[in-house]
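For reference, coords_28.cif is printed below; it contains mmCIF, C-alpha atoms.
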data_structure
loop_
_atom_site.label_atom_id
_atom_site.label_comp_id
_atom_site.auth_asym_id
_atom_site.auth_seq_id
_atom_site.Cartn_x
_atom_site.Cartn_y
_atom_site.Cartn_z
CA MET A 15 4.31 -1.86 -9.77
CA SER A 16 6.41 0.16 -12.12
CA GLY A 17 8.52 3.12 -11.05
CA ILE A 18 9.17 6.62 -12.32
CA ALA A 19 11.78 9.30 -11.73
CA GLY A 20 12.65 12.59 -13.33
CA ILE A 21 14.18 16.04 -13.15
CA ALA A 22 12.67 19.20 -14.61
CA ALA A 23 15.83 20.01 -16.53
CA ALA A 24 17.36 18.96 -19.83
CA GLY A 25 20.48 16.82 -20.05
CA GLU A 26 19.94 14.92 -16.80
CA GLU A 27 19.97 11.42 -18.29
CA THR A 28 22.86 10.22 -16.12
CA ARG A 29 21.33 11.32 -12.84
CA VAL A 30 17.88 9.99 -13.74
CA GLN A 31 19.49 6.67 -14.67
CA GLU A 32 21.09 6.61 -11.22
CA MET A 33 17.68 7.24 -9.68
CA LEU A 34 16.14 4.41 -11.67
CA ALA A 35 18.88 2.05 -10.51
CA LYS A 36 17.44 2.43 -7.01
CA LEU A 37 14.03 1.46 -8.41
CA SER A 38 15.16 -1.58 -10.40
CA HIS A 39 13.16 -3.93 -8.16
CA ARG A 40 9.99 -2.12 -9.22
CA GLY A 41 10.62 -2.80 -12.89
CA PRO A 42 12.72 -5.86 -13.64
CA ALA A 43 11.42 -6.08 -17.22
CA GLY A 44 12.85 -2.84 -18.57
CA CYS A 45 14.21 0.66 -18.06
CA ARG A 46 14.07 3.76 -20.23
CA VAL A 47 15.26 7.37 -19.88
CA GLU A 48 14.46 10.19 -22.29
CA GLN A 49 14.70 13.93 -22.49
CA GLN A 50 11.38 15.58 -23.29
CA GLY A 51 11.65 19.32 -23.77
CA GLU A 52 13.08 20.80 -20.61
CA ALA A 53 12.50 17.62 -18.58
CA THR A 54 14.32 14.30 -18.27
CA LEU A 55 11.97 11.40 -17.51
CA GLY A 56 12.65 7.79 -16.57
CA LEU A 57 10.57 4.64 -16.21
CA VAL A 58 11.04 1.02 -15.11
CA TRP A 59 8.32 -1.59 -15.65
CA THR A 60 7.33 -5.19 -14.99
CA ASP A 61 6.45 -7.92 -17.47
CA ILE A 62 2.70 -7.38 -17.20
CA GLN A 63 3.20 -3.65 -17.67
CA ASN A 64 5.35 -3.91 -20.79
CA SER A 65 2.85 -1.75 -22.65
CA SER A 66 4.10 1.09 -20.45
CA ALA A 67 7.45 0.95 -22.23
CA HIS A 68 6.13 2.98 -25.15
CA LEU A 69 4.80 5.79 -22.97
CA LEU A 70 8.05 7.71 -22.87
CA GLN A 71 8.40 7.61 -26.63
CA ASP A 72 4.85 8.06 -27.86
CA HIS A 73 3.23 10.19 -25.21
CA HIS A 74 6.18 11.89 -23.52
CA THR A 75 4.88 10.41 -20.29
CA ALA A 76 6.41 8.33 -17.52
CA ALA A 77 3.69 6.49 -15.60
CA ASP A 78 3.62 4.20 -12.60
CA GLU A 79 0.14 2.96 -13.45
CA THR A 80 -1.10 -0.41 -12.32
CA GLU A 81 -4.80 0.16 -12.91
CA ASN A 82 -7.10 3.15 -13.16
CA SER A 83 -7.20 3.72 -9.40
CA CYS A 84 -3.44 3.57 -8.85
CA PHE A 85 -1.24 5.94 -10.82
CA ALA A 86 1.55 8.46 -10.70
CA ARG A 87 2.29 10.22 -13.99
CA ALA A 88 4.80 12.75 -15.21
CA ALA A 89 4.41 14.25 -18.65
CA ALA A 90 6.26 16.86 -20.70
CA GLN A 91 3.46 18.88 -22.29
CA ASP A 92 4.49 21.72 -24.59
CA GLY A 93 7.91 21.59 -23.02
CA GLU A 94 6.58 21.92 -19.46
CA LEU A 95 6.60 19.19 -16.84
CA ALA A 96 3.28 18.13 -15.28
CA VAL A 97 3.10 15.52 -12.50
CA VAL A 98 -0.03 13.96 -10.96
CA ARG A 99 -0.83 11.35 -8.28
CA ASP A 100 -4.02 9.32 -7.77
CA PRO A 101 -6.60 10.49 -5.18
CA LEU A 102 -5.87 7.76 -2.62
CA GLY A 103 -2.11 7.84 -3.10
CA ALA A 104 -1.97 4.12 -3.88
CA ALA A 105 0.95 4.78 -6.23
CA PRO A 106 3.88 6.19 -4.21
CA LEU A 107 5.46 9.48 -5.25
CA TYR A 108 7.93 11.92 -3.67
CA TYR A 109 9.40 15.21 -4.82
CA GLY A 110 12.08 17.72 -4.01
CA THR A 111 14.46 20.30 -5.43
CA THR A 112 17.97 19.55 -6.64
CA PRO A 113 20.89 21.68 -5.40
CA GLU A 114 20.67 23.45 -8.78
CA GLY A 115 17.05 24.40 -8.09
CA SER A 116 15.29 21.93 -10.42
CA PHE A 117 12.09 20.12 -9.40
CA CYS A 118 12.65 16.36 -9.16
CA PHE A 119 10.47 13.35 -8.33
CA ALA A 120 10.64 9.58 -7.84
CA SER A 121 8.47 6.65 -6.80
CA GLU A 122 10.59 5.95 -3.72
CA VAL A 123 12.63 8.07 -1.35
CA LYS A 124 15.80 6.04 -1.90
CA ALA A 125 15.81 7.12 -5.55
CA LEU A 126 15.21 10.78 -4.73
CA LEU A 127 18.08 10.74 -2.23
CA GLU A 128 20.40 10.18 -5.19
CA VAL A 129 19.90 13.81 -6.24
CA THR A 130 18.61 15.72 -3.18
CA ARG A 131 18.10 15.69 0.58
CA ASP A 132 15.06 17.93 0.13
CA VAL A 133 12.41 15.18 0.18
CA HIS A 134 8.64 15.56 0.53
CA GLU A 135 5.69 13.29 -0.16
CA PHE A 136 3.73 14.27 -3.27
CA PRO A 137 0.20 14.86 -1.95
CA PRO A 138 -2.46 12.41 -3.20
CA GLY A 139 -5.04 13.81 -5.58
CA HIS A 140 -2.81 16.70 -6.66
CA CYS A 141 -1.15 17.92 -9.83
CA TYR A 142 2.14 19.80 -10.11
CA THR A 143 3.18 22.26 -12.82
CA SER A 144 5.51 25.25 -12.86
CA GLU A 145 2.65 27.13 -11.17
CA GLY A 146 2.89 24.83 -8.16
CA PHE A 147 0.55 22.24 -6.65
CA GLU A 148 -3.17 22.12 -7.31
CA ALA A 149 -5.87 19.70 -6.12
CA CYS A 150 -7.16 17.69 -9.08
CA GLY A 151 -9.40 14.96 -7.71
CA PRO A 152 -9.07 14.82 -3.93
CA LEU A 153 -11.07 12.19 -2.06
CA VAL A 154 -14.43 13.59 -0.93
CA ALA A 155 -17.51 11.90 0.49
CA PRO A 156 -20.67 11.88 -1.68
CA ALA A 157 -24.15 12.33 -0.26
CA PRO A 158 -25.42 9.25 1.60
CA ALA A 159 -27.47 6.82 -0.47
CA ASP A 160 -30.97 5.84 0.67
CA ASP A 161 -31.45 2.44 -0.98
CA PRO A 162 -32.50 -0.56 1.13
CA PRO A 163 -29.57 -2.62 2.46
CA ALA A 164 -30.30 -5.60 0.20
CA VAL A 165 -30.04 -3.35 -2.85
CA MET A 166 -26.82 -1.78 -1.60
CA ALA A 167 -25.28 -5.18 -0.86
CA ARG A 168 -26.00 -6.37 -4.42
CA GLU A 169 -24.62 -3.19 -5.95
CA LEU A 170 -21.50 -3.32 -3.79
CA ARG A 171 -20.83 -6.88 -4.85
CA ARG A 172 -21.39 -6.00 -8.52
CA ARG A 173 -18.89 -3.13 -8.34
CA LEU A 174 -16.30 -5.24 -6.56
CA GLU A 175 -16.60 -8.04 -9.09
CA ALA A 176 -16.35 -5.58 -11.99
CA SER A 177 -13.26 -4.06 -10.38
CA ILE A 178 -11.64 -7.48 -10.12
CA GLU A 179 -12.50 -8.41 -13.70
CA ARG A 180 -10.92 -5.20 -15.01
CA ARG A 181 -7.70 -5.99 -13.23
CA ILE A 182 -7.47 -9.66 -14.13
CA ASN A 183 -8.17 -9.17 -17.84
CA GLY A 184 -6.51 -12.41 -18.90
CA THR A 185 -3.46 -11.98 -16.64
CA GLU A 186 -2.19 -14.75 -14.39
CA VAL A 187 -2.91 -13.54 -10.89
CA GLY A 188 -2.76 -14.79 -7.32
CA SER A 189 -4.20 -13.47 -4.08
CA TRP A 190 -2.75 -12.67 -0.69
CA LEU A 191 -5.08 -14.47 1.71
CA SER A 192 -5.20 -13.78 5.43
CA GLY A 193 -8.50 -15.55 5.99
CA GLY A 194 -10.08 -12.23 6.91
CA LEU A 195 -13.21 -10.91 5.23
CA ASP A 196 -11.52 -8.52 2.78
CA SER A 197 -8.93 -10.83 1.22
CA SER A 198 -11.40 -13.73 1.26
CA THR A 199 -13.98 -11.61 -0.56
CA LEU A 200 -11.58 -10.82 -3.37
CA ALA A 201 -10.45 -14.43 -3.72
CA ALA A 202 -14.07 -15.62 -3.83
CA LEU A 203 -15.11 -13.06 -6.45
CA ALA A 204 -12.01 -13.70 -8.56
CA ARG A 205 -12.16 -17.48 -8.48
CA PRO A 206 -14.93 -17.98 -11.11
CA HIS A 207 -12.91 -15.92 -13.60
CA LEU A 208 -9.70 -17.92 -13.29
CA LYS A 209 -8.79 -21.48 -14.18
CA ARG A 210 -6.27 -21.44 -11.36
CA LEU A 211 -5.92 -19.13 -8.37
CA PRO A 212 -2.75 -19.38 -6.27
CA THR A 213 -3.26 -17.99 -2.76
CA PHE A 214 -0.60 -17.05 -0.22
CA ALA A 215 -0.73 -16.81 3.57
CA ALA A 216 1.99 -16.17 6.14
CA GLY A 217 2.13 -16.58 9.89
CA LEU A 218 3.72 -18.22 12.88
CA PRO A 219 2.86 -21.83 13.75
CA GLY A 220 -0.74 -22.07 14.93
CA ALA A 221 -1.62 -18.53 13.79
CA PRO A 222 -5.37 -17.93 13.31
CA ASP A 223 -4.74 -16.40 9.86
CA LEU A 224 -3.18 -19.63 8.62
CA HIS A 225 -6.18 -21.62 9.81
CA TYR A 226 -8.81 -19.35 8.28
CA ALA A 227 -6.87 -18.90 5.04
CA ARG A 228 -6.78 -22.68 4.73
CA VAL A 229 -10.55 -22.82 5.26
CA VAL A 230 -11.10 -20.32 2.45
CA ALA A 231 -8.58 -22.00 0.16
CA ASP A 232 -10.27 -25.35 0.62
CA HIS A 233 -13.69 -23.82 0.02
CA LEU A 234 -12.58 -22.08 -3.18
CA GLN A 235 -10.23 -24.88 -4.28
CA THR A 236 -7.26 -22.58 -4.74
CA ASP A 237 -3.61 -23.54 -5.17
CA HIS A 238 -2.71 -22.57 -1.63
CA HIS A 239 0.77 -21.76 -0.27
CA GLU A 240 1.68 -21.20 3.37
CA VAL A 241 4.75 -19.42 4.67
CA VAL A 242 5.23 -20.57 8.28
CA VAL A 243 7.97 -18.64 10.08
CA GLY A 244 9.51 -17.98 13.47
CA LEU A 245 11.24 -15.04 15.13
CA PRO A 246 14.60 -15.76 13.38
CA ASP A 247 12.86 -15.49 10.00
CA LEU A 248 11.28 -12.16 10.95
CA LEU A 249 14.59 -10.75 12.16
CA ALA A 250 16.38 -11.98 9.03
CA ALA A 251 13.83 -10.19 6.84
CA LEU A 252 13.84 -6.98 8.90
CA PRO A 253 16.69 -5.11 7.12
CA ASP A 254 15.12 -5.68 3.69
CA VAL A 255 11.66 -4.78 4.95
CA VAL A 256 12.82 -1.48 6.45
CA TYR A 257 14.82 -0.68 3.31
CA HIS A 258 11.91 -1.25 0.96
CA LEU A 259 9.29 0.17 3.30
CA GLU A 260 11.35 3.31 4.02
CA SER A 261 9.83 3.56 7.48
CA PHE A 262 10.49 2.67 11.10
CA ASP A 263 6.90 3.17 12.29
CA ALA A 264 6.48 0.23 14.67
CA LEU A 265 3.00 -0.88 13.66
CA LEU A 266 3.71 -0.46 9.96
CA VAL A 267 6.96 -2.43 10.09
CA ARG A 268 5.42 -5.13 12.26
CA SER A 269 2.57 -5.67 9.79
CA SER A 270 4.90 -5.52 6.80
CA LEU A 271 7.22 -8.33 7.86
CA LEU A 272 4.78 -11.17 7.20
CA ASN A 273 3.33 -9.36 4.21
CA PHE A 274 6.86 -9.19 2.79
CA LEU A 275 7.42 -12.92 3.30
CA ALA A 276 4.07 -13.80 1.71
CA ALA A 277 4.87 -11.47 -1.19
CA ARG A 278 8.23 -13.13 -1.68
CA ARG A 279 6.55 -16.52 -2.00
CA ALA A 280 3.92 -15.10 -4.35
CA GLY A 281 6.64 -13.65 -6.57
CA GLU A 282 7.85 -17.19 -7.23
CA PHE A 283 4.52 -18.10 -8.85
CA VAL A 284 2.63 -15.08 -10.23
CA PRO A 285 3.37 -11.59 -11.57
CA ALA A 286 0.42 -9.98 -9.76
CA VAL A 287 -1.67 -10.48 -6.63
CA LEU A 288 -4.97 -9.21 -5.29
CA SER A 289 -4.84 -7.33 -2.00
CA GLY A 290 -7.83 -6.51 0.22
CA GLU A 291 -6.35 -3.26 1.53
CA ALA A 292 -8.80 -0.37 2.18
CA GLY A 293 -11.70 -2.64 3.13
CA ASP A 294 -11.38 -1.85 6.84
CA GLU A 295 -11.30 1.89 6.25
CA LEU A 296 -14.23 1.94 3.84
CA PHE A 297 -16.49 -0.41 5.82
CA ALA A 298 -15.61 0.34 9.47
CA GLY A 299 -13.53 -2.75 10.20
CA TYR A 300 -11.59 -1.52 13.23
CA GLU A 301 -12.71 -2.18 16.78
CA TYR A 302 -12.10 1.38 18.01
CA LEU A 303 -14.68 2.68 15.51
CA ARG A 304 -17.44 1.24 17.69
CA ASP A 305 -16.73 4.06 20.13
CA CYS A 306 -17.48 6.70 17.50
CA SER A 307 -20.94 8.24 17.45
CA PRO A 308 -23.01 7.91 14.25
CA GLU A 309 -22.34 11.60 13.67
CA GLU A 310 -18.56 11.21 14.04
CA LEU A 311 -18.14 7.95 12.15
CA PRO A 312 -18.46 9.21 8.53
CA ASN A 313 -15.71 11.78 9.03
CA GLU A 314 -13.52 9.27 10.86
CA LEU A 315 -13.83 6.75 8.01
CA LEU A 316 -13.00 9.43 5.46
CA ASP A 317 -10.01 10.52 7.54
CA ILE A 318 -8.50 7.05 7.91
CA THR A 319 -9.10 6.36 4.21
CA ARG A 320 -7.22 9.54 3.34
CA ARG A 321 -4.35 8.38 5.60
CA LEU A 322 -3.83 5.10 3.75
CA HIS A 323 -1.32 6.54 1.29
CA ASN A 324 1.70 6.52 3.60
CA THR A 325 0.75 3.64 5.87
CA ALA A 326 -1.18 0.55 4.74
CA LEU A 327 -1.10 1.28 1.01
CA GLN A 328 2.61 1.94 1.31
CA ARG A 329 3.03 -1.48 2.94
CA VAL A 330 1.18 -3.19 0.09
CA ASP A 331 3.08 -1.33 -2.60
CA ARG A 332 6.54 -1.86 -1.14
CA THR A 333 6.18 -5.52 -0.17
CA ALA A 334 4.91 -6.39 -3.65
CA ALA A 335 7.35 -4.17 -5.53
CA ALA A 336 10.31 -5.55 -3.55
CA HIS A 337 9.77 -8.81 -5.43
CA GLY A 338 9.01 -7.30 -8.84
CA THR A 339 5.30 -8.04 -8.61
CA VAL A 340 2.17 -5.92 -8.90
CA ALA A 341 -0.44 -5.64 -6.13
CA TRP A 342 -3.95 -4.96 -7.40
CA LEU A 343 -6.30 -3.13 -5.04
CA PRO A 344 -9.93 -3.69 -6.09
CA PHE A 345 -11.30 -1.90 -3.02
CA THR A 346 -9.59 1.30 -4.19
CA ASP A 347 -11.34 1.31 -7.56
CA PRO A 348 -13.04 4.74 -7.89
CA GLU A 349 -16.42 3.12 -8.53
CA VAL A 350 -16.06 1.03 -5.37
CA VAL A 351 -14.72 3.89 -3.23
CA ASP A 352 -17.42 6.34 -4.30
CA TYR A 353 -20.15 3.83 -3.60
CA ALA A 354 -18.65 2.68 -0.32
CA LEU A 355 -18.43 6.24 0.96
CA SER A 356 -22.10 6.75 0.11
CA ILE A 357 -23.27 3.76 2.16
CA PRO A 358 -24.81 4.93 5.48
CA VAL A 359 -22.63 4.13 8.46
CA ASP A 360 -25.40 2.18 10.18
CA TYR A 361 -25.07 -0.37 7.35
CA LYS A 362 -21.32 -0.62 7.94
CA LEU A 363 -21.38 -0.95 11.72
CA ARG A 364 -24.68 -2.60 12.64
CA GLY A 365 -25.56 -4.25 15.93
CA GLY A 366 -21.90 -4.26 16.91
CA VAL A 367 -20.93 -6.12 13.71
CA GLU A 368 -18.25 -4.38 11.68
CA LYS A 369 -18.41 -4.38 7.86
CA TRP A 370 -22.02 -5.61 8.05
CA ILE A 371 -22.92 -4.54 4.50
CA LEU A 372 -19.89 -6.32 3.02
CA ARG A 373 -20.83 -9.47 4.91
CA GLN A 374 -24.33 -9.19 3.45
CA ALA A 375 -22.86 -8.83 -0.03
CA MET A 376 -20.88 -12.05 0.39
CA GLU A 377 -23.58 -14.13 2.09
CA GLY A 378 -23.45 -17.67 0.75
CA GLU A 379 -20.09 -17.19 -1.00
CA LEU A 380 -17.78 -17.80 1.96
CA PRO A 381 -17.72 -20.31 4.82
CA ASP A 382 -19.70 -18.99 7.81
CA ALA A 383 -16.62 -19.18 10.03
CA VAL A 384 -14.89 -16.67 7.75
CA LEU A 385 -17.92 -14.60 6.80
CA HIS A 386 -18.60 -13.89 10.48
CA ARG A 387 -14.99 -13.80 11.68
CA LYS A 388 -14.19 -10.77 13.80
CA LYS A 389 -11.50 -8.38 12.66
CA ALA A 390 -7.98 -9.20 13.87
CA LYS A 391 -4.96 -6.93 13.52
CA PHE A 392 -2.71 -8.28 10.78
CA TRP A 393 0.22 -9.03 13.09
CA SER A 394 -2.11 -10.51 15.74
CA GLY A 395 -3.96 -12.78 13.33
CA ALA A 396 -0.65 -13.89 11.88
CA GLY A 397 0.65 -14.80 15.34
CA VAL A 398 3.23 -12.03 15.76
CA GLU A 399 1.40 -10.05 18.45
CA ASP A 400 4.06 -8.66 20.83
CA LEU A 401 6.82 -11.09 19.80
CA LEU A 402 8.99 -8.35 18.30
CA ALA A 403 8.25 -5.94 21.12
CA ARG A 404 9.46 -8.50 23.66
CA HIS A 405 12.58 -9.13 21.59
CA ALA A 406 13.36 -5.40 21.58
CA GLU A 407 12.71 -5.12 25.33
CA GLU A 408 15.25 -7.86 25.98
CA ARG A 409 17.98 -6.29 23.85
CA ILE A 410 17.62 -2.54 24.36
CA SER A 411 18.33 -1.17 27.81
CA ASP A 412 16.28 1.57 29.44
CA ALA A 413 19.33 3.83 29.36
CA ASP A 414 19.86 3.29 25.64
CA PHE A 415 16.21 3.99 24.96
CA ARG A 416 16.33 7.27 26.91
CA ARG A 417 19.50 8.31 25.12
CA GLU A 418 18.34 7.45 21.60
CA ARG A 419 14.61 8.10 21.84
CA VAL A 420 14.59 11.68 20.52
CA LEU A 421 15.51 11.89 16.83
CA PRO A 422 17.36 14.80 15.16
CA ASN A 423 14.06 16.21 13.82
CA GLY A 424 12.46 16.19 17.27
CA TRP A 425 10.31 13.09 16.88
CA ARG A 426 10.11 10.84 19.93
CA LEU A 427 10.17 7.11 19.36
CA ASN A 428 7.23 5.42 21.03
CA SER A 429 8.82 2.14 22.13
CA LYS A 430 11.98 0.06 22.18
CA GLU A 431 10.51 -1.87 19.28
CA GLU A 432 10.39 1.34 17.25
CA LEU A 433 13.98 2.12 18.24
CA MET A 434 15.01 -1.33 17.00
CA TYR A 435 13.47 -0.51 13.63
CA TYR A 436 14.95 3.00 13.59
CA ARG A 437 18.44 1.61 14.12
CA VAL A 438 17.98 -0.53 11.00
CA PHE A 439 16.59 2.47 9.12
CA ARG A 440 19.61 4.58 10.10
CA GLU A 441 21.99 1.84 8.95
CA ARG A 442 20.34 1.76 5.51
CA PHE A 443 19.67 5.47 4.96
CA GLY A 444 21.95 7.34 7.34
CA THR A 445 20.79 10.04 9.73
CA LEU A 446 18.11 12.08 7.94
CA GLU A 447 17.03 15.26 9.66
CA ASN A 448 14.08 15.73 7.32
CA LEU A 449 11.45 13.03 7.80
CA ASP A 450 8.29 14.99 6.97
CA TRP A 451 7.65 12.63 4.06
CA MET A 452 7.21 9.62 6.37
CA GLY A 453 3.77 8.57 7.56
CA ARG A 454 3.11 7.36 11.08
CA THR A 455 0.21 5.27 12.26
CA LYS A 456 -2.70 7.35 13.54
CA GLY A 457 -2.42 7.74 17.29
CA ALA A 458 1.38 7.57 17.31
CA PRO A 459 2.70 11.06 18.19
CA ALA A 460 5.01 12.45 15.51
CA ALA A 461 6.70 15.18 17.55
CA ALA A 462 8.10 15.81 20.98
#

Structure re-expressed in structure tokens:
Amino acid sequence: MSGIAGIAAAGEETRVQEMLAKLSHRGPAGCRVEQQGEATLGLVWTDIQNSSAHLLQDHHTAADETENSCFARAAAQDGELAVVRDPLGAAPLYYGTTPEGSFCFASEVKALLEVTRDVHEFPPGHCYTSEGFEACGPLVAPAPADDPPAVMARELRRRLEASIERRINGTEVGSWLSGGLDSSTLAALARPHLKRLPTFAAGLPGAPDLHYARVVADHLQTDHHEVVVGLPDLLAALPDVVYHLESFDALLVRSSLLNFLAARRAGEFVPAVLSGEAGDELFAGYEYLRDCSPEELPNELLDITRRLHNTALQRVDRTAAAHGTVAWLPFTDPEVVDYALSIPVDYKLRGGVEKWILRQAMEGELPDAVLHRKKAKFWSGAGVEDLLARHAEERISDADFRRERVLPNGWRLNSKEELMYYRVFRERFGTLENLDWMGRTKGAPAAA
């Protein structure tokens, strides 16, 4: 994905250039800084986004825009800065105020820290002008549809395939492939539109994900690549993962490590990949959702979908961007999201089967072993499970954990594993007292 940065003040080219230097991995193909009225805007872009290079000049706009569902834009309109972020928050964006009092923004926290310690996450589905923040397209649930399930399955598949076609559009593309339903669905729907589809899976030896990804790859006849790693590989990647992820949330870091290694391999072959993120949230893919009543489930699905911006979508964005590639998210296409949210929950979780309607949509397109595979947590399916937690337990004493558990902002770390990640975070970013911009996995307490 590309990256943007800017300051709502004239003559800030040097500082914006310094901000963009921290985003160079997001845009290895080019960099541009311009003053537009009373704002200084900057942009970096990738090879497949080279059309973005003219935005600063022709439209006075800096845009991190991968596709129509994933965007962060800043524009100088009539001399006034306006900034907007997509409804799901798939494109990362943060803001703050410089010591001189000017509004500033950037695609990643590390860039914003070049000019301020006042860092906040830009809320998804909001616009910013000199008047402040205003909702301009927040995610809301439409009224439930009442079509028969067979009709809904066909329409869901049609929208997903159209979403994929819009993103491919003649571009060489690969697919991250865990062997789960979501990533396998995208690979299967994309395959007829591509002469060649490289797929990428990562895991420890014997990991279920590697097995099922291989089953899908063989079925679809993809150019399949496996990244088989051990604990030393995970620990070697950890500093870079924490730096790019800008988080020490234990579950987020744990799931990002293998994603990062798969993304690194993908970056050697293709400029863009398909990612199945958001499928679990839209179609009730998590085991705990079975305990929700039919009355509670719609609101729970909407809530976890709204929380994607600083957890799972952040993982996808950062692991891809770290290697100068673009991650396409067909499940986040507005036409897919709107329709998915309208599907009755008893078609999503039916007879104890999660994502039932999506399975119906893909009937006959995937091997039965994959089509009916139960959901596995990313780190569990990849073979990580509690490997990192055990490593942290062996190397961090109980006394050290008690002493270091409470952070300067009052947050309490939940485990020694999280402390291990926080120590890496502190080495890369220093001690930051303000962490309100950082997401934490639902269920993990954020305060003492």

I'd like the neighbourhood of range 289-292 of chain A as a CSV table (one decimal) with C-alpha atoms, in the frame of the given file, where a residue qualifies if any of its atoms comes within 9 Å (using all atoms listed in the file), though same-chain residues fewer than 6 positions away should be ignored.
chain,number,residue,atom,x,y,z
A,189,SER,CA,-4.2,-13.5,-4.1
A,190,TRP,CA,-2.8,-12.7,-0.7
A,191,LEU,CA,-5.1,-14.5,1.7
A,195,LEU,CA,-13.2,-10.9,5.2
A,196,ASP,CA,-11.5,-8.5,2.8
A,197,SER,CA,-8.9,-10.8,1.2
A,198,SER,CA,-11.4,-13.7,1.3
A,199,THR,CA,-14.0,-11.6,-0.6
A,200,LEU,CA,-11.6,-10.8,-3.4
A,319,THR,CA,-9.1,6.4,4.2
A,322,LEU,CA,-3.8,5.1,3.8
A,326,ALA,CA,-1.2,0.6,4.7
A,327,LEU,CA,-1.1,1.3,1.0
A,330,VAL,CA,1.2,-3.2,0.1
A,341,ALA,CA,-0.4,-5.6,-6.1
A,342,TRP,CA,-4.0,-5.0,-7.4
A,343,LEU,CA,-6.3,-3.1,-5.0
A,344,PRO,CA,-9.9,-3.7,-6.1
A,345,PHE,CA,-11.3,-1.9,-3.0
A,346,THR,CA,-9.6,1.3,-4.2

Given the file above and the PyMOL selection byres ((chain A and resi 244) around 10), which residues are selected, and can you give them as a PyMOL selection string? chain A and resi 217-219+242-243+245-249+397-398+401

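Residues in contact with Asp232 in chain A at 12 Å, where all atoms listed in the file are counted and same-chain residues fewer than 5 positions away are skipped, are listed as A:Gly193, A:Ser198, A:Ala201, A:Ala202, A:Leu211, A:Pro212, A:Thr213, A:His225, A:Tyr226, A:Ala227, A:Asp237, A:His238, A:His239, A:Leu380, A:Pro381.
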
Export of prior selection with C-alpha atoms as a compact mmCIF listing (two decimals), in the coordinates of the input:
# COMPACT_ATOMS: atom_id res chain seq x y z
CA GLY A 193 -8.50 -15.55 5.99
CA SER A 198 -11.40 -13.73 1.26
CA ALA A 201 -10.45 -14.43 -3.72
CA ALA A 202 -14.07 -15.62 -3.83
CA LEU A 211 -5.92 -19.13 -8.37
CA PRO A 212 -2.75 -19.38 -6.27
CA THR A 213 -3.26 -17.99 -2.76
CA HIS A 225 -6.18 -21.62 9.81
CA TYR A 226 -8.81 -19.35 8.28
CA ALA A 227 -6.87 -18.90 5.04
CA ASP A 237 -3.61 -23.54 -5.17
CA HIS A 238 -2.71 -22.57 -1.63
CA HIS A 239 0.77 -21.76 -0.27
CA LEU A 380 -17.78 -17.80 1.96
CA PRO A 381 -17.72 -20.31 4.82

| task | Could you expand the PyMOL selection byres ((chain A and resi 351-364) around 9) into the explicit residues it covers here, written as a PyMOL selection string? | result | chain A and resi 153-161+163+166+169-170+173+296-299+303-304+308+311-312+315-316+345-350+365-372

task: Run the PyMOL selection byres ((chain A and resi 442) around 12) against the file shown and list the residues it catches, as a PyMOL selection string.
output: chain A and resi 124+252-262+435-441+443-446

Take the residues just selected and output them with C-alpha atoms as a PDB file, in the frame of the given file.
ATOM      1  CA  LYS A 124      15.800   6.040  -1.900  1.00  0.00           C
ATOM      2  CA  LEU A 252      13.840  -6.980   8.900  1.00  0.00           C
ATOM      3  CA  PRO A 253      16.690  -5.110   7.120  1.00  0.00           C
ATOM      4  CA  ASP A 254      15.120  -5.680   3.690  1.00  0.00           C
ATOM      5  CA  VAL A 255      11.660  -4.780   4.950  1.00  0.00           C
ATOM      6  CA  VAL A 256      12.820  -1.480   6.450  1.00  0.00           C
ATOM      7  CA  TYR A 257      14.820  -0.680   3.310  1.00  0.00           C
ATOM      8  CA  HIS A 258      11.910  -1.250   0.960  1.00  0.00           C
ATOM      9  CA  LEU A 259       9.290   0.170   3.300  1.00  0.00           C
ATOM     10  CA  GLU A 260      11.350   3.310   4.020  1.00  0.00           C
ATOM     11  CA  SER A 261       9.830   3.560   7.480  1.00  0.00           C
ATOM     12  CA  PHE A 262      10.490   2.670  11.100  1.00  0.00           C
ATOM     13  CA  TYR A 435      13.470  -0.510  13.630  1.00  0.00           C
ATOM     14  CA  TYR A 436      14.950   3.000  13.590  1.00  0.00           C
ATOM     15  CA  ARG A 437      18.440   1.610  14.120  1.00  0.00           C
ATOM     16  CA  VAL A 438      17.980  -0.530  11.000  1.00  0.00           C
ATOM     17  CA  PHE A 439      16.590   2.470   9.120  1.00  0.00           C
ATOM     18  CA  ARG A 440      19.610   4.580  10.100  1.00  0.00           C
ATOM     19  CA  GLU A 441      21.990   1.840   8.950  1.00  0.00           C
ATOM     20  CA  PHE A 443      19.670   5.470   4.960  1.00  0.00           C
ATOM     21  CA  GLY A 444      21.950   7.340   7.340  1.00  0.00           C
ATOM     22  CA  THR A 445      20.790  10.040   9.730  1.00  0.00           C
ATOM     23  CA  LEU A 446      18.110  12.080   7.940  1.00  0.00           C
TER      24      LEU A 446
END

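Among the candidate residues A:Leu266, A:Leu174, A:Val241, A:Ala335, the one lying nearest to His39 in chain A is A:Ala335, with distances computed using all atoms listed in the file.
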
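Atom pair CA of Pro106 in chain A / CA of Ser121 in chain A: separated by 5.3 Å.
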
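Shortest atom-to-atom contact with Trp425 in chain A among A:Ser411, A:Gly115, A:Ala250, A:Glu447: A:Glu447, counting only C-alpha atoms.
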
Could you give me, as JSON, numbers by chain, the residues that sit within 6 Å of (3.9, 12.5, 6.2) in the file's coordinates, counting all atoms listed in the file? {"A": [450, 451, 452, 453]}
